[in-house]
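To keep things clear, I will list the structure first and then write my remarks on it.
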Amino acid sequence: MTARERNSALIEAIIADGTLTDAALVEAFRAVPRHLFIPERGALTPGGDALDAAGNPDRWLAAVYTDNAIVTRVEGAPVPRQRGGDRDPATSCSSAPTVLARMLEMAGLANGQRVLEVGTGTGWNTALLAHRLGDAAVTSVEIDERLLLAARSALREARLAPDTRLADGVDGCAEAAPFDRIISTCGVRGVPAAWLDQLAEGGLIVCPWGLLESAGVLMSLAAVEAVGGRGDASAGNTGGSGASDGLRAVGRFRGGVGFVPLRTPGSDAPPVQDCGQQPDEYRLIQADPIAPMLAFSSAFAVSVMVPGWRMRRRWIGTGSGLWLCDGRGGSWVRIYPYGASWMVEQGGPRSIWDEVEEALALWSRLGEPAPDRFGLAVDTDGGHRVWLDAPDGRSWPVGPPG
């Protein structure tokens with residue numbers, strides 16, 4: 001199949017499953033093929049396999065037009081990375097086509113709107129926005145100069161010329177504000193104040209959100225002025241008659257998504273180190289403790305209810321286990337198969353696994369709510385909290401990383 005045929009088949013599949021419905025967006029996806037924005041050499045599949053358009057063009061093109069993300073940069077070095085050990089986290093990728101379609105549909109794009117994109121990345125989403133709204137309506141910021149230069153080259157090849165700038169996305173782009181839509185392809189755990197400051201009246205912020213590393217939900221967030229009195233706002237039906245009291249912005253989560261976190265200088269978390277740690281407590285349990293930590297709905301709930309922890313899969317002697325720790329690794333949990341049971345070991349001043357068990361029990365008592373029953377509220381004092389069912393209902397504060 002040619003690139004054009006593969007692009008057409010992918011778009012038809014996204015339309016058929018109901019993800020892509022806006023006729024203007026359909027036209028943008030048809031006019032802006034993904035392969036123009038994927039490096040011909042050095043990109044990686046989600047499984048870590050290197051792609052090379054010259055060496056294996058059919059495999060490269062098939063990967064480009066599969067509904068998966070493609071890693072285009074790892075850490076600060078060019079891809080491909082060296083194999084062995086834990087995988088380095090991706091710092092840039094071309095998002096899966098359905099993810100981009102979902103985000104752009106959620107944004108409710110319309111002619112005349114001005115958009116800030118945070119995270120130019122490969123430039124594909126930038127191109128879709130520029131085709132849909134016009135070059136002059138789109139400003140895109142990227143923190144990585146190498147990525148930005150490559151994206152500009154791809155945009156020129158696609159005969160598009162939106163405003164692209166080398167800048168820290170956390171700061172938005174004050175000189176081009178206000179924006180009707182701020183769309184971030186990078187995941188956040190806290191909404192930068194600059195984004196809210198630069199949002200036009202009635203505007204929306206659309207981005208991935210999550211406390212789990214590289215996994216979370218899509219979020220559509222509206223300033224309270226845009227929500228008050230409308231009930232079913234674009235950000236989602238928030239519910240609750242007093243929802244706007246003390247709120248600056250509010251929105252609901254919509255479905256799970258993998259993402260690359262928003263990068264700022266010095267923001268990288270330290271590596272998880274679990275070698276040679278001696279536990280303070282041993283506990284033998286019968287029920288599988290790993291399954292709920294790998295199921296997205298329950299793990300998402302735990303991430304909201306238990307602050308400041310990280311998780312990794314580990315091969316630990318007797319089989320596949322888990323390692324959890326706090327932000328800096330001072331308190332930790334090691335879980336591994338032990339015969340027909342499971343061994344849970346804890347160390348450090350904080351009993352993280354006790355907190356996890358309490359959170360899972362609460363999630364069960366609440367009826368095991370799915371992530372789309374939760375949402376985010378940004379209070380007027382700048383505090384963030386995740387709410388269940390309504391902004392004035394039960395909620396949990398979102399603290400700083402670690």
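Starting from 1 in every chain, residues are counted up; chains themselves are A, B, ... following the order of the structure tokens, and ligands are numbered from 1 as listed.
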
So that each row is one residue of region 41-63 of chain A with an atom at most 12 Å from region 3-7 of chain A, can you give its shortest atom pair and the distance in Å to one decimal, using only C-alpha atoms, rows by chain and rising number, as a tab-separated table?
residue	atom	partner	partner_atom	distance
A:Pro57	CA	A:Ala3	CA	10.5
A:Asp58	CA	A:Ala3	CA	9.6
A:Arg59	CA	A:Ala3	CA	11.7
A:Trp60	CA	A:Ala3	CA	10.5
A:Leu61	CA	A:Ala3	CA	6.8
A:Ala62	CA	A:Arg6	CA	7.8
A:Ala63	CA	A:Arg6	CA	10.3

Deliver the residues from the most recent selection as a file, using N, CA, C and O atoms, as a JSON list (two decimals), in the first residue's frame.
[["chain", "number", "residue", "atom", "x", "y", "z"],
["A", 57, "PRO", "N", 11.47, 0.25, 4.03],
["A", 57, "PRO", "CA", 10.43, 1.27, 3.84],
["A", 57, "PRO", "C", 9.02, 0.78, 4.14],
["A", 57, "PRO", "O", 8.20, 1.54, 4.66],
["A", 58, "ASP", "N", 8.71, -0.47, 3.82],
["A", 58, "ASP", "CA", 7.36, -0.98, 4.07],
["A", 58, "ASP", "C", 7.08, -1.04, 5.57],
["A", 58, "ASP", "O", 5.99, -0.69, 6.03],
["A", 59, "ARG", "N", 8.07, -1.50, 6.33],
["A", 59, "ARG", "CA", 7.88, -1.59, 7.79],
["A", 59, "ARG", "C", 7.76, -0.20, 8.40],
["A", 59, "ARG", "O", 6.95, 0.04, 9.30],
["A", 60, "TRP", "N", 8.56, 0.75, 7.91],
["A", 60, "TRP", "CA", 8.50, 2.13, 8.40],
["A", 60, "TRP", "C", 7.12, 2.73, 8.13],
["A", 60, "TRP", "O", 6.48, 3.30, 9.01],
["A", 61, "LEU", "N", 6.63, 2.55, 6.90],
["A", 61, "LEU", "CA", 5.35, 3.13, 6.53],
["A", 61, "LEU", "C", 4.20, 2.45, 7.28],
["A", 61, "LEU", "O", 3.24, 3.13, 7.70],
["A", 62, "ALA", "N", 4.31, 1.14, 7.47],
["A", 62, "ALA", "CA", 3.27, 0.43, 8.22],
["A", 62, "ALA", "C", 3.21, 0.94, 9.66],
["A", 62, "ALA", "O", 2.11, 1.12, 10.22],
["A", 63, "ALA", "N", 4.37, 1.20, 10.28],
["A", 63, "ALA", "CA", 4.40, 1.71, 11.65],
["A", 63, "ALA", "C", 3.82, 3.12, 11.72],
["A", 63, "ALA", "O", 3.08, 3.46, 12.65]]

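Within 10 Å of Phe374 (chain A), once only C-alpha atoms are used and residues closer than 6 positions along the same chain are dropped, the contacting residues are A:Val217, A:Thr238, A:Gly251, A:Arg252, A:Phe253, A:Arg254, A:Ala301, A:Val304, A:Val386, A:Trp387, A:Leu388, A:Asp389, A:Ala390, A:Pro391, A:Arg394, A:Ser395.
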
Pull all heavy atoms from the residues just selected and write them as a tab-separated table (two decimals), in the first residue's frame.
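The new file selection.tsv reads:
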chain	number	residue	atom	x	y	z
A	217	VAL	N	-5.17	10.65	31.79
A	217	VAL	CA	-6.46	10.88	31.14
A	217	VAL	C	-6.36	12.16	30.31
A	217	VAL	O	-5.49	12.99	30.53
A	217	VAL	CB	-7.58	11.04	32.19
A	217	VAL	CG1	-7.88	9.71	32.87
A	217	VAL	CG2	-7.20	12.10	33.23
A	238	THR	N	-20.16	19.77	35.06
A	238	THR	CA	-19.48	19.71	36.35
A	238	THR	C	-20.42	19.33	37.48
A	238	THR	O	-20.01	18.75	38.46
A	238	THR	CB	-18.83	21.06	36.67
A	238	THR	OG1	-19.85	22.07	36.66
A	238	THR	CG2	-17.78	21.41	35.63
A	251	GLY	N	-12.77	21.16	35.20
A	251	GLY	CA	-12.98	20.31	34.04
A	251	GLY	C	-13.07	18.86	34.43
A	251	GLY	O	-12.73	18.47	35.56
A	252	ARG	N	-13.55	18.05	33.52
A	252	ARG	CA	-13.73	16.62	33.75
A	252	ARG	C	-12.73	15.83	32.93
A	252	ARG	O	-12.30	16.26	31.86
A	252	ARG	CB	-15.16	16.19	33.39
A	252	ARG	CG	-15.48	14.75	33.78
A	252	ARG	CD	-16.91	14.38	33.41
A	252	ARG	NE	-17.89	15.02	34.25
A	252	ARG	CZ	-18.27	14.56	35.45
A	252	ARG	NH1	-17.70	13.47	35.95
A	252	ARG	NH2	-19.19	15.19	36.14
A	253	PHE	N	-12.35	14.66	33.44
A	253	PHE	CA	-11.45	13.77	32.73
A	253	PHE	C	-12.23	12.91	31.73
A	253	PHE	O	-13.38	12.56	31.98
A	253	PHE	CB	-10.72	12.86	33.72
A	253	PHE	CG	-9.90	13.61	34.74
A	253	PHE	CD1	-9.78	13.13	36.04
A	253	PHE	CD2	-9.24	14.78	34.40
A	253	PHE	CE1	-9.03	13.81	36.98
A	253	PHE	CE2	-8.49	15.47	35.35
A	253	PHE	CZ	-8.38	14.98	36.64
A	254	ARG	N	-11.54	12.56	30.65
A	254	ARG	CA	-12.22	11.80	29.58
A	254	ARG	C	-11.28	10.73	29.03
A	254	ARG	O	-10.46	11.00	28.15
A	254	ARG	CB	-12.62	12.74	28.45
A	254	ARG	CG	-13.62	13.82	28.86
A	254	ARG	CD	-13.87	14.77	27.70
A	254	ARG	NE	-14.74	15.87	28.06
A	254	ARG	CZ	-16.05	15.86	27.98
A	254	ARG	NH1	-16.67	14.78	27.54
A	254	ARG	NH2	-16.76	16.90	28.31
A	301	ALA	N	-7.15	5.59	40.50
A	301	ALA	CA	-7.75	6.00	41.77
A	301	ALA	C	-6.69	6.06	42.88
A	301	ALA	O	-6.67	7.00	43.68
A	301	ALA	CB	-8.87	5.05	42.16
A	304	VAL	N	-4.62	9.15	42.72
A	304	VAL	CA	-5.32	10.34	43.22
A	304	VAL	C	-5.37	10.35	44.75
A	304	VAL	O	-5.17	11.39	45.38
A	304	VAL	CB	-6.75	10.38	42.64
A	304	VAL	CG1	-7.60	11.42	43.36
A	304	VAL	CG2	-6.70	10.67	41.15
A	386	VAL	N	-8.48	16.95	42.86
A	386	VAL	CA	-9.25	16.05	42.00
A	386	VAL	C	-10.56	15.75	42.70
A	386	VAL	O	-10.58	15.36	43.87
A	386	VAL	CB	-8.48	14.74	41.73
A	386	VAL	CG1	-9.33	13.76	40.94
A	386	VAL	CG2	-7.19	15.05	40.97
A	387	TRP	N	-11.67	15.93	41.99
A	387	TRP	CA	-12.98	15.71	42.58
A	387	TRP	C	-13.65	14.48	41.95
A	387	TRP	O	-13.32	14.07	40.84
A	387	TRP	CB	-13.88	16.93	42.42
A	387	TRP	CG	-13.91	17.56	41.06
A	387	TRP	CD1	-13.17	18.61	40.61
A	387	TRP	CD2	-14.76	17.18	39.95
A	387	TRP	NE1	-13.48	18.92	39.31
A	387	TRP	CE2	-14.46	18.05	38.88
A	387	TRP	CE3	-15.74	16.21	39.77
A	387	TRP	CZ2	-15.10	17.97	37.64
A	387	TRP	CZ3	-16.37	16.11	38.54
A	387	TRP	CH2	-16.05	17.00	37.50
A	388	LEU	N	-14.59	13.94	42.69
A	388	LEU	CA	-15.38	12.80	42.23
A	388	LEU	C	-16.82	13.24	42.03
A	388	LEU	O	-17.45	13.74	42.96
A	388	LEU	CB	-15.31	11.66	43.24
A	388	LEU	CG	-16.16	10.41	42.94
A	388	LEU	CD1	-15.68	9.73	41.66
A	388	LEU	CD2	-16.13	9.44	44.12
A	389	ASP	N	-17.33	13.11	40.82
A	389	ASP	CA	-18.71	13.37	40.43
A	389	ASP	C	-19.08	14.84	40.33
A	389	ASP	O	-19.85	15.22	39.45
A	389	ASP	CB	-19.70	12.64	41.34
A	389	ASP	CG	-19.62	11.12	41.18
A	389	ASP	OD1	-19.30	10.66	40.06
A	389	ASP	OD2	-19.86	10.40	42.17
A	390	ALA	N	-18.57	15.71	41.20
A	390	ALA	CA	-18.87	17.13	41.12
A	390	ALA	C	-17.78	17.92	41.84
A	390	ALA	O	-17.22	17.44	42.83
A	390	ALA	CB	-20.23	17.45	41.74
A	391	PRO	N	-17.47	19.14	41.37
A	391	PRO	CA	-16.40	19.92	42.00
A	391	PRO	C	-16.63	20.23	43.47
A	391	PRO	O	-15.68	20.44	44.22
A	391	PRO	CB	-16.38	21.21	41.17
A	391	PRO	CG	-16.96	20.83	39.85
A	391	PRO	CD	-18.00	19.79	40.16
A	394	ARG	N	-16.73	15.13	47.01
A	394	ARG	CA	-15.52	14.60	47.62
A	394	ARG	C	-14.33	14.91	46.72
A	394	ARG	O	-14.39	14.78	45.49
A	394	ARG	CB	-15.65	13.09	47.79
A	394	ARG	CG	-14.51	12.46	48.55
A	394	ARG	CD	-14.87	11.09	49.05
A	394	ARG	NE	-13.99	10.67	50.12
A	394	ARG	CZ	-14.30	9.79	51.05
A	394	ARG	NH1	-15.50	9.24	51.06
A	394	ARG	NH2	-13.43	9.45	51.97
A	395	SER	N	-13.19	15.30	47.33
A	395	SER	CA	-12.03	15.65	46.52
A	395	SER	C	-10.74	15.34	47.29
A	395	SER	O	-10.75	15.17	48.51
A	395	SER	CB	-12.06	17.13	46.12
A	395	SER	OG	-11.99	17.97	47.25

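For Pro279 (chain A), the non-local neighbours within 6 Å, defined as residues at least 3 positions apart in the same chain or in other chains and counting only C-alpha atoms, are Glu345, Gln346 and Gly347 of chain A.
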
*Of the residues A:Ile182, A:Leu166, A:Ala16, A:Val250, which is the one nearest to Ala137 (chain A), using only C-alpha atoms?*
A:Ile182

*A:Thr139, A:Thr122, A:Asp17, A:Met106: which is nearest Leu36 (chain A), counting only C-alpha atoms?*
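Checking each candidate against Leu36 (chain A), we get A:Thr122 as the closest.
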